[in-house]
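**Q** Just one file: run_26.pdb, with PDB, C-alpha atoms, pLDDT in the B column.
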ATOM      1  CA  MET D   1       0.000   0.000   0.000  1.00 55.00           C
ATOM      2  CA  ALA D   2       1.726   3.209  -1.156  1.00 64.00           C
ATOM      3  CA  VAL D   3       1.089   6.457   0.678  1.00 64.00           C
ATOM      4  CA  ARG D   4      -0.053   9.496  -1.300  1.00 72.00           C
ATOM      5  CA  HIS D   5       1.517  12.137   0.941  1.00 76.00           C
ATOM      6  CA  GLU D   6       4.520  12.090   3.251  1.00 81.00           C
ATOM      7  CA  THR D   7       2.319  13.521   6.020  1.00 84.00           C
ATOM      8  CA  GLU D   8       0.808  10.017   6.333  1.00 86.00           C
ATOM      9  CA  LEU D   9       4.108   8.915   7.885  1.00 89.00           C
ATOM     10  CA  TYR D  10       3.734  11.372  10.759  1.00 91.00           C
ATOM     11  CA  ALA D  11       1.088   9.602  12.857  1.00 91.00           C
ATOM     12  CA  PRO D  12       2.736   6.152  13.073  1.00 93.00           C
ATOM     13  CA  LEU D  13       6.132   7.747  13.746  1.00 94.00           C
ATOM     14  CA  LYS D  14       4.660   9.957  16.458  1.00 94.00           C
ATOM     15  CA  VAL D  15       3.112   6.919  18.170  1.00 93.00           C
ATOM     16  CA  PHE D  16       6.381   4.987  17.837  1.00 95.00           C
ATOM     17  CA  PHE D  17       8.507   7.663  19.511  1.00 94.00           C
ATOM     18  CA  GLU D  18       5.932   8.584  22.144  1.00 94.00           C
ATOM     19  CA  LYS D  19       6.084   4.974  23.325  1.00 93.00           C
ATOM     20  CA  GLN D  20       9.806   5.582  23.894  1.00 92.00           C
ATOM     21  CA  GLY D  21       9.072   8.536  26.163  1.00 92.00           C
ATOM     22  CA  TYR D  22       9.418  11.427  23.720  1.00 93.00           C
ATOM     23  CA  GLU D  23       7.158  14.447  23.633  1.00 94.00           C
ATOM     24  CA  ILE D  24       6.580  14.950  19.894  1.00 93.00           C
ATOM     25  CA  LYS D  25       5.667  18.048  17.914  1.00 91.00           C
ATOM     26  CA  GLY D  26       5.508  18.509  14.157  1.00 91.00           C
ATOM     27  CA  GLU D  27       6.957  21.207  11.906  1.00 91.00           C
ATOM     28  CA  VAL D  28       9.236  22.894  14.409  1.00 91.00           C
ATOM     29  CA  ARG D  29      11.572  25.400  12.726  1.00 89.00           C
ATOM     30  CA  THR D  30      11.310  23.586   9.342  1.00 89.00           C
ATOM     31  CA  CYS D  31      11.962  20.158  10.922  1.00 92.00           C
ATOM     32  CA  ASP D  32       9.237  17.634  10.070  1.00 92.00           C
ATOM     33  CA  MET D  33       9.223  16.141  13.562  1.00 93.00           C
ATOM     34  CA  VAL D  34      10.964  17.113  16.788  1.00 95.00           C
ATOM     35  CA  GLY D  35      10.968  15.136  20.015  1.00 94.00           C
ATOM     36  CA  ILE D  36      12.222  15.921  23.520  1.00 94.00           C
ATOM     37  CA  ARG D  37      12.913  13.373  26.250  1.00 92.00           C
ATOM     38  CA  ILE D  38      13.826  14.297  29.805  1.00 89.00           C
ATOM     39  CA  ASP D  39      16.887  12.050  29.963  1.00 85.00           C
ATOM     40  CA  GLU D  40      18.376  13.300  26.668  1.00 86.00           C
ATOM     41  CA  GLU D  41      20.177  16.547  25.959  1.00 89.00           C
ATOM     42  CA  GLN D  42      20.016  16.110  22.184  1.00 91.00           C
ATOM     43  CA  PRO D  43      16.582  16.679  20.600  1.00 94.00           C
ATOM     44  CA  LEU D  44      15.143  14.022  18.316  1.00 95.00           C
ATOM     45  CA  ILE D  45      14.724  15.207  14.711  1.00 95.00           C
ATOM     46  CA  VAL D  46      12.974  13.188  12.015  1.00 95.00           C
ATOM     47  CA  GLU D  47      12.781  14.146   8.346  1.00 95.00           C
ATOM     48  CA  MET D  48      10.180  12.319   6.263  1.00 93.00           C
ATOM     49  CA  LYS D  49       9.738  11.557   2.595  1.00 92.00           C
ATOM     50  CA  LYS D  50       7.611   9.079   0.643  1.00 88.00           C
ATOM     51  CA  SER D  51      10.814   7.555  -0.745  1.00 87.00           C
ATOM     52  CA  PHE D  52      14.539   7.880  -0.160  1.00 91.00           C
ATOM     53  CA  ASN D  53      16.099  10.569  -2.348  1.00 92.00           C
ATOM     54  CA  LEU D  54      18.912  13.097  -2.419  1.00 93.00           C
ATOM     55  CA  SER D  55      16.717  15.878  -1.059  1.00 93.00           C
ATOM     56  CA  LEU D  56      15.961  13.824   2.068  1.00 94.00           C
ATOM     57  CA  LEU D  57      19.628  12.948   2.508  1.00 95.00           C
ATOM     58  CA  LEU D  58      20.696  16.601   2.278  1.00 95.00           C
ATOM     59  CA  GLN D  59      18.000  17.580   4.773  1.00 94.00           C
ATOM     60  CA  GLY D  60      19.307  14.996   7.189  1.00 95.00           C
ATOM     61  CA  VAL D  61      22.886  16.216   6.878  1.00 95.00           C
ATOM     62  CA  GLU D  62      21.710  19.784   7.481  1.00 94.00           C
ATOM     63  CA  ARG D  63      19.803  18.711  10.627  1.00 94.00           C
ATOM     64  CA  LEU D  64      22.992  17.226  12.077  1.00 94.00           C
ATOM     65  CA  LYS D  65      24.008  20.829  12.729  1.00 93.00           C
ATOM     66  CA  LEU D  66      21.136  20.991  15.254  1.00 93.00           C
ATOM     67  CA  SER D  67      21.358  17.544  16.829  1.00 93.00           C
ATOM     68  CA  GLU D  68      23.230  14.270  16.716  1.00 93.00           C
ATOM     69  CA  ASN D  69      19.919  12.402  17.002  1.00 94.00           C
ATOM     70  CA  VAL D  70      18.576  12.650  13.430  1.00 96.00           C
ATOM     71  CA  TYR D  71      16.504  10.040  11.595  1.00 96.00           C
ATOM     72  CA  LEU D  72      15.410   9.828   7.971  1.00 96.00           C
ATOM     73  CA  ALA D  73      12.014   8.167   7.605  1.00 94.00           C
ATOM     74  CA  VAL D  74      10.506   6.731   4.408  1.00 92.00           C
ATOM     75  CA  GLU D  75       7.782   4.348   3.397  1.00 90.00           C
ATOM     76  CA  ARG D  76       8.823   0.767   2.727  1.00 87.00           C
ATOM     77  CA  CYS D  77       6.562  -0.281  -0.109  1.00 78.00           C
ATOM     78  CA  ARG D  78       6.371  -4.050  -0.541  1.00 67.00           C
ATOM     79  CA  ASP D  79       5.407  -3.670  -4.215  1.00 65.00           C
ATOM     80  CA  LYS D  80       8.694  -1.973  -5.221  1.00 59.00           C
ATOM     81  CA  LYS D  81      11.298  -4.605  -4.430  1.00 57.00           C
ATOM     82  CA  GLY D  82      13.495  -3.707  -7.409  1.00 50.00           C
ATOM     83  CA  ALA D  83      13.363   0.076  -7.018  1.00 53.00           C
ATOM     84  CA  VAL D  84      16.555   2.009  -6.330  1.00 54.00           C
ATOM     85  CA  ASN D  85      15.096   3.520  -3.158  1.00 56.00           C
ATOM     86  CA  GLN D  86      14.377   0.038  -1.792  1.00 70.00           C
ATOM     87  CA  ARG D  87      18.030  -1.071  -1.578  1.00 84.00           C
ATOM     88  CA  TRP D  88      17.931  -0.905   2.175  1.00 87.00           C
ATOM     89  CA  GLY D  89      21.311  -2.488   2.877  1.00 87.00           C
ATOM     90  CA  GLU D  90      23.162   0.058   0.761  1.00 89.00           C
ATOM     91  CA  LEU D  91      21.040   2.984   1.963  1.00 91.00           C
ATOM     92  CA  GLY D  92      21.590   1.899   5.551  1.00 91.00           C
ATOM     93  CA  GLU D  93      25.365   1.827   5.077  1.00 90.00           C
ATOM     94  CA  LEU D  94      25.242   5.295   3.539  1.00 92.00           C
ATOM     95  CA  CYS D  95      23.300   6.647   6.522  1.00 93.00           C
ATOM     96  CA  ARG D  96      25.742   5.027   8.961  1.00 92.00           C
ATOM     97  CA  ARG D  97      28.678   6.708   7.276  1.00 91.00           C
ATOM     98  CA  LEU D  98      26.934  10.064   7.602  1.00 92.00           C
ATOM     99  CA  GLY D  99      25.842   9.511  11.203  1.00 93.00           C
ATOM    100  CA  LEU D 100      22.131   9.475  10.346  1.00 95.00           C
ATOM    101  CA  GLY D 101      19.427   7.083  11.485  1.00 95.00           C
ATOM    102  CA  LEU D 102      17.080   5.368   9.022  1.00 96.00           C
ATOM    103  CA  ILE D 103      13.487   4.305   9.660  1.00 96.00           C
ATOM    104  CA  THR D 104      10.993   2.616   7.355  1.00 93.00           C
ATOM    105  CA  VAL D 105       7.213   2.503   7.684  1.00 91.00           C
ATOM    106  CA  VAL D 106       5.145  -0.276   6.092  1.00 89.00           C
ATOM    107  CA  PHE D 107       1.447   0.418   5.571  1.00 85.00           C
ATOM    108  CA  TYR D 108      -1.189  -2.327   5.460  1.00 83.00           C
ATOM    109  CA  LYS D 109      -4.839  -2.313   4.453  1.00 81.00           C
ATOM    110  CA  THR D 110      -6.164  -4.176   7.481  1.00 82.00           C
ATOM    111  CA  LYS D 111      -3.619  -3.646  10.261  1.00 86.00           C
ATOM    112  CA  PRO D 112      -1.641  -0.772  11.800  1.00 87.00           C
ATOM    113  CA  PRO D 113       1.520   0.495  10.108  1.00 87.00           C
ATOM    114  CA  GLN D 114       4.802  -1.154  11.073  1.00 89.00           C
ATOM    115  CA  VAL D 115       7.727   1.108  12.007  1.00 92.00           C
ATOM    116  CA  GLU D 116      11.219  -0.396  11.796  1.00 92.00           C
ATOM    117  CA  VAL D 117      14.522   1.231  12.717  1.00 95.00           C
ATOM    118  CA  LEU D 118      17.176   0.057  10.282  1.00 94.00           C
ATOM    119  CA  VAL D 119      19.975   2.318  11.513  1.00 93.00           C
ATOM    120  CA  GLU D 120      20.408   4.295  14.728  1.00 93.00           C
ATOM    121  CA  PRO D 121      21.923   7.806  14.599  1.00 93.00           C
ATOM    122  CA  GLY D 122      25.666   7.745  15.212  1.00 86.00           C
ATOM    123  CA  GLU D 123      25.824   3.977  14.709  1.00 80.00           C
ATOM    124  CA  ALA D 124      29.347   2.968  13.722  1.00 76.00           C
ATOM    125  CA  PRO D 125      29.612   1.586  10.180  1.00 70.00           C
ATOM    126  CA  PRO D 126      30.694  -2.045   9.911  1.00 67.00           C
ATOM    127  CA  VAL D 127      34.360  -2.766   9.383  1.00 68.00           C
ATOM    128  CA  ARG D 128      34.806  -2.608   5.659  1.00 68.00           C
ATOM    129  CA  ARG D 129      36.590  -5.492   4.003  1.00 69.00           C
ATOM    130  CA  THR D 130      39.304  -4.456   1.627  1.00 68.00           C
ATOM    131  CA  GLY D 131      37.889  -6.569  -1.210  1.00 72.00           C
ATOM    132  CA  GLY D 132      41.384  -7.743  -2.125  1.00 81.00           C
ATOM    133  CA  ARG D 133      40.232 -10.318  -4.656  1.00 85.00           C
ATOM    134  CA  ARG D 134      37.998  -7.847  -6.474  1.00 85.00           C
ATOM    135  CA  LYS D 135      40.738  -5.236  -6.459  1.00 85.00           C
ATOM    136  CA  GLU D 136      43.121  -7.768  -7.994  1.00 88.00           C
ATOM    137  CA  ARG D 137      40.596  -8.437 -10.771  1.00 89.00           C
ATOM    138  CA  LEU D 138      40.159  -4.708 -11.351  1.00 87.00           C
ATOM    139  CA  LEU D 139      43.900  -4.134 -11.680  1.00 88.00           C
ATOM    140  CA  TYR D 140      44.323  -7.257 -13.820  1.00 89.00           C
ATOM    141  CA  GLU D 141      41.632  -6.080 -16.229  1.00 91.00           C
ATOM    142  CA  PHE D 142      43.237  -2.625 -16.405  1.00 91.00           C
ATOM    143  CA  HIS D 143      46.744  -3.866 -17.107  1.00 91.00           C
ATOM    144  CA  GLU D 144      45.665  -6.575 -19.575  1.00 90.00           C
ATOM    145  CA  ARG D 145      44.039  -4.030 -21.907  1.00 89.00           C
ATOM    146  CA  SER D 146      46.411  -2.576 -24.494  1.00 87.00           C
ATOM    147  CA  GLY D 147      44.564   0.729 -24.762  1.00 86.00           C
ATOM    148  CA  ASP D 148      41.456   2.739 -23.895  1.00 86.00           C
ATOM    149  CA  TYR D 149      38.777   1.509 -26.288  1.00 86.00           C
ATOM    150  CA  ASN D 150      35.631   2.224 -24.236  1.00 86.00           C
ATOM    151  CA  THR D 151      33.890   5.481 -23.379  1.00 81.00           C
ATOM    152  CA  GLY D 152      33.228   5.847 -19.650  1.00 84.00           C
ATOM    153  CA  GLY D 153      29.531   5.825 -18.770  1.00 78.00           C
ATOM    154  CA  SER D 154      28.556   3.639 -21.741  1.00 78.00           C
ATOM    155  CA  THR D 155      25.583   1.290 -21.341  1.00 78.00           C
ATOM    156  CA  ARG D 156      24.030  -1.307 -23.652  1.00 78.00           C
ATOM    157  CA  VAL D 157      27.134  -1.463 -25.827  1.00 80.00           C
ATOM    158  CA  LYS D 158      29.685  -4.237 -26.278  1.00 85.00           C
ATOM    159  CA  LEU D 159      32.692  -3.301 -24.190  1.00 88.00           C
ATOM    160  CA  VAL D 160      36.224  -4.139 -25.262  1.00 90.00           C
ATOM    161  CA  THR D 161      37.328  -6.166 -22.248  1.00 93.00           C
ATOM    162  CA  ALA D 162      40.754  -7.710 -21.870  1.00 93.00           C
ATOM    163  CA  TYR D 163      39.234 -11.085 -22.813  1.00 94.00           C
ATOM    164  CA  ARG D 164      37.551  -9.704 -25.938  1.00 95.00           C
ATOM    165  CA  GLU D 165      40.811  -8.048 -26.978  1.00 94.00           C
ATOM    166  CA  LYS D 166      42.714 -11.326 -26.590  1.00 94.00           C
ATOM    167  CA  ALA D 167      40.065 -13.141 -28.616  1.00 95.00           C
ATOM    168  CA  LEU D 168      40.416 -10.476 -31.300  1.00 95.00           C
ATOM    169  CA  ARG D 169      44.175 -10.991 -31.323  1.00 93.00           C
ATOM    170  CA  VAL D 170      43.693 -14.719 -31.876  1.00 94.00           C
ATOM    171  CA  ALA D 171      41.095 -14.080 -34.595  1.00 94.00           C
ATOM    172  CA  ALA D 172      43.446 -11.636 -36.324  1.00 93.00           C
ATOM    173  CA  ALA D 173      46.202 -14.246 -36.205  1.00 92.00           C
ATOM    174  CA  VAL D 174      43.892 -16.797 -37.863  1.00 93.00           C
ATOM    175  CA  ARG D 175      43.017 -14.269 -40.555  1.00 91.00           C
ATOM    176  CA  ASP D 176      46.636 -13.362 -41.246  1.00 89.00           C
ATOM    177  CA  ILE D 177      47.984 -16.926 -41.329  1.00 89.00           C
ATOM    178  CA  GLU D 178      45.170 -18.074 -43.613  1.00 87.00           C
ATOM    179  CA  ALA D 179      45.814 -15.132 -45.928  1.00 85.00           C
ATOM    180  CA  GLU D 180      49.510 -16.025 -46.103  1.00 83.00           C
ATOM    181  CA  THR D 181      48.686 -19.680 -46.751  1.00 78.00           C
ATOM    182  CA  ALA D 182      46.304 -18.776 -49.572  1.00 73.00           C
ATOM    183  CA  ASN D 183      49.073 -16.779 -51.264  1.00 68.00           C
ATOM    184  CA  SER D 184      51.645 -19.580 -51.064  1.00 65.00           C
ATOM    185  CA  ALA D 185      51.480 -22.544 -53.457  1.00 54.00           C
ATOM    186  CA  VAL D 186      53.585 -24.661 -51.082  1.00 54.00           C
ATOM    187  CA  ASN D 187      51.431 -23.908 -48.042  1.00 55.00           C
ATOM    188  CA  GLN D 188      48.198 -24.570 -49.897  1.00 53.00           C
ATOM    189  CA  ALA D 189      48.992 -28.274 -49.695  1.00 51.00           C
ATOM    190  CA  LYS D 190      49.020 -28.157 -45.897  1.00 60.00           C
ATOM    191  CA  GLN D 191      46.123 -29.381 -43.774  1.00 66.00           C
ATOM    192  CA  ALA D 192      43.257 -26.911 -43.392  1.00 79.00           C
ATOM    193  CA  GLY D 193      42.978 -24.940 -40.168  1.00 85.00           C
ATOM    194  CA  ILE D 194      45.587 -23.651 -37.757  1.00 90.00           C
ATOM    195  CA  THR D 195      46.867 -25.174 -34.526  1.00 92.00           C
ATOM    196  CA  PRO D 196      46.573 -23.446 -31.129  1.00 93.00           C
ATOM    197  CA  ALA D 197      50.372 -23.502 -30.847  1.00 93.00           C
ATOM    198  CA  GLU D 198      50.728 -21.515 -34.070  1.00 92.00           C
ATOM    199  CA  LEU D 199      48.082 -19.047 -32.942  1.00 93.00           C
ATOM    200  CA  ARG D 200      49.616 -18.680 -29.486  1.00 93.00           C
ATOM    201  CA  LYS D 201      52.959 -17.796 -31.057  1.00 93.00           C
ATOM    202  CA  ARG D 202      51.517 -15.471 -33.688  1.00 91.00           C
ATOM    203  CA  SER D 203      48.995 -13.655 -31.479  1.00 90.00           C
ATOM    204  CA  GLY D 204      51.150 -13.405 -28.367  1.00 90.00           C
ATOM    205  CA  VAL D 205      48.197 -14.650 -26.273  1.00 92.00           C
ATOM    206  CA  PRO D 206      49.321 -17.407 -23.840  1.00 93.00           C
ATOM    207  CA  GLY D 207      45.745 -18.645 -23.377  1.00 93.00           C
ATOM    208  CA  ALA D 208      44.971 -18.898 -27.082  1.00 94.00           C
ATOM    209  CA  ALA D 209      44.068 -22.608 -26.805  1.00 94.00           C
ATOM    210  CA  ALA D 210      41.445 -21.936 -24.104  1.00 94.00           C
ATOM    211  CA  ILE D 211      39.950 -19.094 -26.134  1.00 95.00           C
ATOM    212  CA  LEU D 212      39.625 -21.387 -29.153  1.00 95.00           C
ATOM    213  CA  GLN D 213      38.122 -24.246 -27.158  1.00 93.00           C
ATOM    214  CA  ASN D 214      35.677 -22.131 -25.154  1.00 93.00           C
ATOM    215  CA  ASN D 215      34.718 -20.119 -28.258  1.00 95.00           C
ATOM    216  CA  TYR D 216      32.755 -17.686 -26.079  1.00 94.00           C
ATOM    217  CA  TYR D 217      31.853 -15.320 -28.932  1.00 94.00           C
ATOM    218  CA  GLY D 218      31.362 -17.972 -31.633  1.00 95.00           C
ATOM    219  CA  TRP D 219      34.256 -16.608 -33.688  1.00 95.00           C
ATOM    220  CA  PHE D 220      36.107 -19.907 -34.204  1.00 95.00           C
ATOM    221  CA  ILE D 221      35.316 -23.298 -35.686  1.00 94.00           C
ATOM    222  CA  ARG D 222      37.242 -26.539 -35.256  1.00 93.00           C
ATOM    223  CA  ILE D 223      38.014 -27.949 -38.705  1.00 91.00           C
ATOM    224  CA  VAL D 224      39.561 -31.170 -37.404  1.00 89.00           C
ATOM    225  CA  ARG D 225      41.017 -32.147 -34.070  1.00 89.00           C
ATOM    226  CA  GLY D 226      43.486 -29.474 -32.977  1.00 90.00           C
ATOM    227  CA  ARG D 227      43.005 -27.160 -35.980  1.00 92.00           C
ATOM    228  CA  TYR D 228      40.812 -24.072 -36.111  1.00 94.00           C
ATOM    229  CA  SER D 229      39.508 -21.481 -38.553  1.00 93.00           C
ATOM    230  CA  LEU D 230      37.314 -18.368 -38.414  1.00 94.00           C
ATOM    231  CA  THR D 231      33.524 -18.356 -38.592  1.00 94.00           C
ATOM    232  CA  PRO D 232      31.651 -15.607 -40.490  1.00 95.00           C
ATOM    233  CA  ALA D 233      30.967 -14.031 -37.086  1.00 95.00           C
ATOM    234  CA  GLY D 234      34.700 -13.949 -36.390  1.00 93.00           C
ATOM    235  CA  ALA D 235      35.450 -12.300 -39.736  1.00 93.00           C
ATOM    236  CA  ALA D 236      32.698  -9.750 -39.075  1.00 94.00           C
ATOM    237  CA  ALA D 237      34.119  -9.012 -35.614  1.00 93.00           C
ATOM    238  CA  LEU D 238      37.513  -8.194 -37.137  1.00 92.00           C
ATOM    239  CA  LEU D 239      35.796  -5.664 -39.374  1.00 91.00           C
ATOM    240  CA  ASP D 240      33.701  -4.247 -36.517  1.00 90.00           C
ATOM    241  CA  TYR D 241      36.812  -3.783 -34.378  1.00 91.00           C
ATOM    242  CA  SER D 242      39.196  -2.903 -37.210  1.00 88.00           C
ATOM    243  CA  ALA D 243      40.347   0.235 -35.388  1.00 83.00           C
ATOM    244  CA  ILE D 244      41.741  -2.063 -32.696  1.00 85.00           C
ATOM    245  CA  THR D 245      42.908  -5.031 -34.783  1.00 81.00           C
ATOM    246  CA  ASN D 246      44.744  -3.205 -37.574  1.00 77.00           C
ATOM    247  CA  GLY D 247      47.972  -3.142 -35.613  1.00 67.00           C
ATOM    248  CA  TYR D 248      47.894  -6.755 -34.423  1.00 66.00           C
ATOM    249  CA  LYS D 249      49.818  -8.281 -37.315  1.00 58.00           C
ATOM    250  CA  ALA D 250      53.029  -6.365 -36.655  1.00 46.00           C
ATOM    251  CA  SER D 251      52.844  -6.704 -32.885  1.00 47.00           C
ATOM    252  CA  GLY D 252      52.009 -10.411 -33.094  1.00 49.00           C
ATOM    253  CA  ALA D 253      54.839 -11.189 -35.437  1.00 45.00           C
ATOM    254  CA  SER D 254      57.388  -9.664 -33.102  1.00 41.00           C
ATOM    255  CA  SER D 255      56.174 -11.361 -29.932  1.00 39.00           C
TER     256      SER D 255
END
Show me, as structure tokens, the structure contained in the file I just sent.
**A**
Amino acid sequence: MAVRHETELYAPLKVFFEKQGYEIKGEVRTCDMVGIRIDEEQPLIVEMKKSFNLSLLLQGVERLKLSENVYLAVERCRDKKGAVNQRWGELGELCRRLGLGLITVVFYKTKPPQVEVLVEPGEAPPVRRTGGRRKERLLYEFHERSGDYNTGGSTRVKLVTAYREKALRVAAAVRDIEAETANSAVNQAKQAGITPAELRKRSGVPGAAAILQNNYYGWFIRIVRGRYSLTPAGAAALLDYSAITNGYKASGASS
């Protein structure tokens, strides 16, 4: 059940905090909700929005100038599980890092709203793991690329990853060796297809055999056991990425 106005959050939040001993008043000096409790020096401040957004976050940060006891409160709508503002784990971590509390309110048709505190104000963020393995993969991907072939911020486009670039190098090696064979009367008598060892040497890609066997992009075809050629898709890929592959022949021959 989605609320139509953020003011609908006020009543269940007021009841929730009054049960904790706060005297609650609304709209005090531009604050949506303010509470005072005898045993606390810091006033309670709650800012409310129908959903979590930047405006609410900035309001919360501004209220920290008035009190250390600041909550952000939003509706938790059960029908929006995939929405950005429903990623409660990530939003909770963000609030922790800023020193803000986070509360959600779930509304039902036949029973009272449910208020849940996800983060308390001033709650220390969890110890962050360094993510060593993921960092290693990031650095590996960076160093394995020979150049900058993608535009930052791109979506729904085929990115030139390190793996794709290596596959292109192998495909270019197939193309070049087959072209040389076609132009040589002696070599024409050789068995069709090219071995992984030849392609590894020519392309400079140590994992050429795995790329051929896995054939992730469908660029290669096994002619006979241990010998490979290009598919039409592979030839098309070399044309599509010609700006990248044009220099592979010289670099491959020297490696």
**Q** CA of Glu136 in chain D and CA of Asn150 in chain D are how many Å apart?
**A**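 Distance between the two atoms: 20.5 Å.
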**Q** Record the distance separating CA of Gln114 in chain D and CA of Arg76 in chain D, expressed in Å with one decimal.
**A** 9.5 Å
**Q** Just say which residues the PyMOL selection byres ((chain D and resi 244) around 12) picks in this file, as a VMD selection string.
**A** chain D and resid 145 to 150 160 164 to 169 172 237 to 243 245 to 249
**Q** In Å, rounded to a single decimal, give me how far CA of Gly21 in chain D is from CA of Arg37 in chain D.
**A**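 Computed distance, CA of Arg37 in chain D to CA of Gly21 in chain D, equals 6.2 Å.
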**Q** To verify the selection step, state as a PyMOL selection string which residues the PyMOL selection byres ((chain D and resi 117-125) around 12) yields on this input.
**A** chain D and resi 13+16-17+42-46+60-61+63-64+67-76+87-106+114-116+126-129
**Q** Measuring atom to atom with all atoms listed in the file, identify which of D:Asp176, D:Gly35, D:Lys50, D:Tyr22 is nearest to Thr7 in chain D.
**A**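 Looking at the shortest contact to Thr7 in chain D, the residue is D:Lys50.
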**Q** Which residue is closest to Gln20 in chain D? Choose from D:Ile38, D:Ala236, D:Thr110, D:Pro196 and count only C-alpha atoms.
**A**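 Closest to Gln20 in chain D of all the choices is D:Ile38.
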**Q** Step by step, work through what the PyMOL selection byres ((chain D and resi 234) around 8) selects in the shown file, and finish by giving those residues as a list in words.
**A**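 Expected selection for the PyMOL selection byres ((chain D and resi 234) around 8) here is Ala171, Gly218, Trp219, Phe220, Leu230, Thr231, Pro232, Ala233, Ala235, Ala236, Ala237 and Leu238 of chain D.
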**Q** Export range 180-239 of chain D, C-alpha atoms, as a PDB file, in the first residue's frame; it's the structure right above.
**A**
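Saved the output as selection_2.pdb:
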ATOM      1  CA  GLU D 180      49.510 -16.025 -46.103  1.00  0.00           C
ATOM      2  CA  THR D 181      48.686 -19.680 -46.751  1.00  0.00           C
ATOM      3  CA  ALA D 182      46.304 -18.776 -49.572  1.00  0.00           C
ATOM      4  CA  ASN D 183      49.073 -16.779 -51.264  1.00  0.00           C
ATOM      5  CA  SER D 184      51.645 -19.580 -51.064  1.00  0.00           C
ATOM      6  CA  ALA D 185      51.480 -22.544 -53.457  1.00  0.00           C
ATOM      7  CA  VAL D 186      53.585 -24.661 -51.082  1.00  0.00           C
ATOM      8  CA  ASN D 187      51.431 -23.908 -48.042  1.00  0.00           C
ATOM      9  CA  GLN D 188      48.198 -24.570 -49.897  1.00  0.00           C
ATOM     10  CA  ALA D 189      48.992 -28.274 -49.695  1.00  0.00           C
ATOM     11  CA  LYS D 190      49.020 -28.157 -45.897  1.00  0.00           C
ATOM     12  CA  GLN D 191      46.123 -29.381 -43.774  1.00  0.00           C
ATOM     13  CA  ALA D 192      43.257 -26.911 -43.392  1.00  0.00           C
ATOM     14  CA  GLY D 193      42.978 -24.940 -40.168  1.00  0.00           C
ATOM     15  CA  ILE D 194      45.587 -23.651 -37.757  1.00  0.00           C
ATOM     16  CA  THR D 195      46.867 -25.174 -34.526  1.00  0.00           C
ATOM     17  CA  PRO D 196      46.573 -23.446 -31.129  1.00  0.00           C
ATOM     18  CA  ALA D 197      50.372 -23.502 -30.847  1.00  0.00           C
ATOM     19  CA  GLU D 198      50.728 -21.515 -34.070  1.00  0.00           C
ATOM     20  CA  LEU D 199      48.082 -19.047 -32.942  1.00  0.00           C
ATOM     21  CA  ARG D 200      49.616 -18.680 -29.486  1.00  0.00           C
ATOM     22  CA  LYS D 201      52.959 -17.796 -31.057  1.00  0.00           C
ATOM     23  CA  ARG D 202      51.517 -15.471 -33.688  1.00  0.00           C
ATOM     24  CA  SER D 203      48.995 -13.655 -31.479  1.00  0.00           C
ATOM     25  CA  GLY D 204      51.150 -13.405 -28.367  1.00  0.00           C
ATOM     26  CA  VAL D 205      48.197 -14.650 -26.273  1.00  0.00           C
ATOM     27  CA  PRO D 206      49.321 -17.407 -23.840  1.00  0.00           C
ATOM     28  CA  GLY D 207      45.745 -18.645 -23.377  1.00  0.00           C
ATOM     29  CA  ALA D 208      44.971 -18.898 -27.082  1.00  0.00           C
ATOM     30  CA  ALA D 209      44.068 -22.608 -26.805  1.00  0.00           C
ATOM     31  CA  ALA D 210      41.445 -21.936 -24.104  1.00  0.00           C
ATOM     32  CA  ILE D 211      39.950 -19.094 -26.134  1.00  0.00           C
ATOM     33  CA  LEU D 212      39.625 -21.387 -29.153  1.00  0.00           C
ATOM     34  CA  GLN D 213      38.122 -24.246 -27.158  1.00  0.00           C
ATOM     35  CA  ASN D 214      35.677 -22.131 -25.154  1.00  0.00           C
ATOM     36  CA  ASN D 215      34.718 -20.119 -28.258  1.00  0.00           C
ATOM     37  CA  TYR D 216      32.755 -17.686 -26.079  1.00  0.00           C
ATOM     38  CA  TYR D 217      31.853 -15.320 -28.932  1.00  0.00           C
ATOM     39  CA  GLY D 218      31.362 -17.972 -31.633  1.00  0.00           C
ATOM     40  CA  TRP D 219      34.256 -16.608 -33.688  1.00  0.00           C
ATOM     41  CA  PHE D 220      36.107 -19.907 -34.204  1.00  0.00           C
ATOM     42  CA  ILE D 221      35.316 -23.298 -35.686  1.00  0.00           C
ATOM     43  CA  ARG D 222      37.242 -26.539 -35.256  1.00  0.00           C
ATOM     44  CA  ILE D 223      38.014 -27.949 -38.705  1.00  0.00           C
ATOM     45  CA  VAL D 224      39.561 -31.170 -37.404  1.00  0.00           C
ATOM     46  CA  ARG D 225      41.017 -32.147 -34.070  1.00  0.00           C
ATOM     47  CA  GLY D 226      43.486 -29.474 -32.977  1.00  0.00           C
ATOM     48  CA  ARG D 227      43.005 -27.160 -35.980  1.00  0.00           C
ATOM     49  CA  TYR D 228      40.812 -24.072 -36.111  1.00  0.00           C
ATOM     50  CA  SER D 229      39.508 -21.481 -38.553  1.00  0.00           C
ATOM     51  CA  LEU D 230      37.314 -18.368 -38.414  1.00  0.00           C
ATOM     52  CA  THR D 231      33.524 -18.356 -38.592  1.00  0.00           C
ATOM     53  CA  PRO D 232      31.651 -15.607 -40.490  1.00  0.00           C
ATOM     54  CA  ALA D 233      30.967 -14.031 -37.086  1.00  0.00           C
ATOM     55  CA  GLY D 234      34.700 -13.949 -36.390  1.00  0.00           C
ATOM     56  CA  ALA D 235      35.450 -12.300 -39.736  1.00  0.00           C
ATOM     57  CA  ALA D 236      32.698  -9.750 -39.075  1.00  0.00           C
ATOM     58  CA  ALA D 237      34.119  -9.012 -35.614  1.00  0.00           C
ATOM     59  CA  LEU D 238      37.513  -8.194 -37.137  1.00  0.00           C
ATOM     60  CA  LEU D 239      35.796  -5.664 -39.374  1.00  0.00           C
TER      61      LEU D 239
END
